[in-house]
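Student: Provided herewith is a single structure, encoded as structure tokens, for subsequent inquiry.
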Amino acid sequence: MADLSGTPVTLILLVINVFIFGYAMFVNANIVGRLAFRPRQILDKKEYYRFISAGFVHQELWHIAFNMLTLYFFGPLLEGRFIDIFGPWLGMGMFLVLYFGSELTAHALTMYYHKDDPYYSAIGASGAISGIVFAYCLYLPFSMLYFMFAIPIPAIVFAFLYVAGSIYAMKRSHKGGGGRIAHEAHLGGAIGGLLLTMLIDPESIEIFIRSVQRFLQSVF
């Protein structure tokens, strides 16, 4: 079990997401549409808040459960790392930069591909969560993740498969062979998470390289 007592930003993000999900489910379902990421609404009506607000709404239990469990397991390590480097307040601020910066890059890529679609709509924290997971891979690339909470897979392998799968799904979607899953958000968030982590903590690059070197030495 992750200890959230020393990582308040992760805890607050979890609480806000769960609260808004509960509010939408039991009080006012219309809030989902008002906060969702809708490119034409943003461009035509200047509703720029949707770049952030969309990351706080989820429509299905499995969706928020998967995202929040992922944040619960990976967020504390990154927030704790930044707190150790920068101190409590600045460290928490850097974690917020990583989280929301990943969401912004996720939605920026989504905007690029769907800016001309008047019906496109996306919700969920998947872009931000993708950034958190890929940032984690810089620090512990060969730690074991459990895909579907059952299948063990090294973090770096998961990362490459994730990128490849998202790119393939994007191509299928744009050819009419896919659904409304926001694969662009997954890919954009992952790219943002990697770049932002390297900017915030340049030592993460050295940590990653050393991890790869140790792995290669153990194999060969």
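A note on labels: chains of the structure tokens are A, B, ... as shown, every chain counts residues from 1, and ligands are counted from 1 in their shown order.
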Looking only at strand (DSSP E or B) from DSSP on the backbone, list the matching residues of stretch 2-201 of chain A as an MDAnalysis selection string.
Tutor: chainID A and resid 37 122 144:147 151:154
Student: Determine, counting only C-alpha atoms, which protein, DNA and RNA residues have an atom within 10 Å of an atom of A:Tyr113; residues of the same chain fewer than 3 positions away are not included. Present the result as an NGL selection string.
Tutor: :A and (39 or 107-110 or 116-117 or 170 or 174 or 184)
Student: With distances taken over only C-alpha atoms, which residue among A:Tyr48, A:Phe86, A:Phe56, A:Phe26 lies nearest A:Ile12?
Tutor: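 For A:Ile12, the nearest of the given residues is A:Phe56.
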Student: Which is closest to A:Ile123 among A:Gln41, A:Gln59, A:Ser204, A:Gln213, if we use only C-alpha atoms?
Tutor: A:Gln59
Student: Write out as a list in words the residues lying within 9 Å of A:Pro76, counting only C-alpha atoms and excluding same-chain residues fewer than 2 positions away.
Tutor: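 With the cut-off at 9 Å, the set is Ala2, Asp3, Leu4, Gly6, Thr7, Pro8, Val9, Thr10, Leu11, Leu71, Tyr72, Phe73, Phe74, Leu78, Glu79, Gly80 and Arg81 of chain A.
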Student: Quick one: residues within 12 Å of A:Arg210, only C-alpha atoms, excluding same-chain residues fewer than 4 positions away - as JSON, numbers by chain?
Tutor: {"A": [138, 139, 140, 141, 142, 203, 204, 205, 206, 214, 215, 216, 217]}
Student: Can I get the selected residues back with N, CA, C and O atoms, as a PDB file, in the first residue's frame?
Tutor:
ATOM      1  N   LEU A 138      11.479   6.434 -16.271  1.00  0.00           N
ATOM      2  CA  LEU A 138      12.825   7.012 -16.276  1.00  0.00           C
ATOM      3  C   LEU A 138      13.601   6.606 -15.029  1.00  0.00           C
ATOM      4  O   LEU A 138      14.817   6.400 -15.080  1.00  0.00           O
ATOM      5  N   TYR A 139      12.906   6.496 -13.914  1.00  0.00           N
ATOM      6  CA  TYR A 139      13.572   6.193 -12.648  1.00  0.00           C
ATOM      7  C   TYR A 139      13.713   4.690 -12.405  1.00  0.00           C
ATOM      8  O   TYR A 139      14.721   4.233 -11.872  1.00  0.00           O
ATOM      9  N   LEU A 140      12.712   3.933 -12.782  1.00  0.00           N
ATOM     10  CA  LEU A 140      12.719   2.488 -12.523  1.00  0.00           C
ATOM     11  C   LEU A 140      12.269   1.739 -13.785  1.00  0.00           C
ATOM     12  O   LEU A 140      11.202   1.119 -13.798  1.00  0.00           O
ATOM     13  N   PRO A 141      13.086   1.785 -14.829  1.00  0.00           N
ATOM     14  CA  PRO A 141      12.650   1.213 -16.110  1.00  0.00           C
ATOM     15  C   PRO A 141      12.440  -0.286 -16.089  1.00  0.00           C
ATOM     16  O   PRO A 141      11.676  -0.809 -16.904  1.00  0.00           O
ATOM     17  N   PHE A 142      13.107  -0.992 -15.178  1.00  0.00           N
ATOM     18  CA  PHE A 142      13.005  -2.449 -15.183  1.00  0.00           C
ATOM     19  C   PHE A 142      12.232  -2.992 -13.982  1.00  0.00           C
ATOM     20  O   PHE A 142      12.246  -4.199 -13.735  1.00  0.00           O
ATOM     21  N   GLU A 203      18.798  14.696 -13.655  1.00  0.00           N
ATOM     22  CA  GLU A 203      19.451  13.480 -13.184  1.00  0.00           C
ATOM     23  C   GLU A 203      18.655  12.231 -13.569  1.00  0.00           C
ATOM     24  O   GLU A 203      19.204  11.122 -13.601  1.00  0.00           O
ATOM     25  N   SER A 204      17.372  12.413 -13.878  1.00  0.00           N
ATOM     26  CA  SER A 204      16.555  11.256 -14.273  1.00  0.00           C
ATOM     27  C   SER A 204      17.129  10.579 -15.513  1.00  0.00           C
ATOM     28  O   SER A 204      16.997   9.362 -15.671  1.00  0.00           O
ATOM     29  N   ILE A 205      17.770  11.360 -16.380  1.00  0.00           N
ATOM     30  CA  ILE A 205      18.376  10.789 -17.585  1.00  0.00           C
ATOM     31  C   ILE A 205      19.539   9.878 -17.204  1.00  0.00           C
ATOM     32  O   ILE A 205      19.682   8.763 -17.731  1.00  0.00           O
ATOM     33  N   GLU A 206      20.379  10.355 -16.265  1.00  0.00           N
ATOM     34  CA  GLU A 206      21.510   9.551 -15.807  1.00  0.00           C
ATOM     35  C   GLU A 206      21.030   8.296 -15.084  1.00  0.00           C
ATOM     36  O   GLU A 206      21.614   7.218 -15.247  1.00  0.00           O
ATOM     37  N   ARG A 214      23.217  -1.379 -16.048  1.00  0.00           N
ATOM     38  CA  ARG A 214      23.199  -2.487 -15.087  1.00  0.00           C
ATOM     39  C   ARG A 214      22.430  -3.683 -15.641  1.00  0.00           C
ATOM     40  O   ARG A 214      22.831  -4.834 -15.464  1.00  0.00           O
ATOM     41  N   PHE A 215      21.348  -3.387 -16.328  1.00  0.00           N
ATOM     42  CA  PHE A 215      20.556  -4.480 -16.912  1.00  0.00           C
ATOM     43  C   PHE A 215      21.372  -5.217 -17.969  1.00  0.00           C
ATOM     44  O   PHE A 215      21.391  -6.464 -17.996  1.00  0.00           O
ATOM     45  N   LEU A 216      22.058  -4.467 -18.844  1.00  0.00           N
ATOM     46  CA  LEU A 216      22.847  -5.097 -19.907  1.00  0.00           C
ATOM     47  C   LEU A 216      24.003  -5.916 -19.322  1.00  0.00           C
ATOM     48  O   LEU A 216      24.322  -6.999 -19.825  1.00  0.00           O
ATOM     49  N   GLN A 217      24.608  -5.399 -18.258  1.00  0.00           N
ATOM     50  CA  GLN A 217      25.704  -6.141 -17.610  1.00  0.00           C
ATOM     51  C   GLN A 217      25.199  -7.436 -16.999  1.00  0.00           C
ATOM     52  O   GLN A 217      25.891  -8.464 -17.023  1.00  0.00           O
TER      53      GLN A 217
END
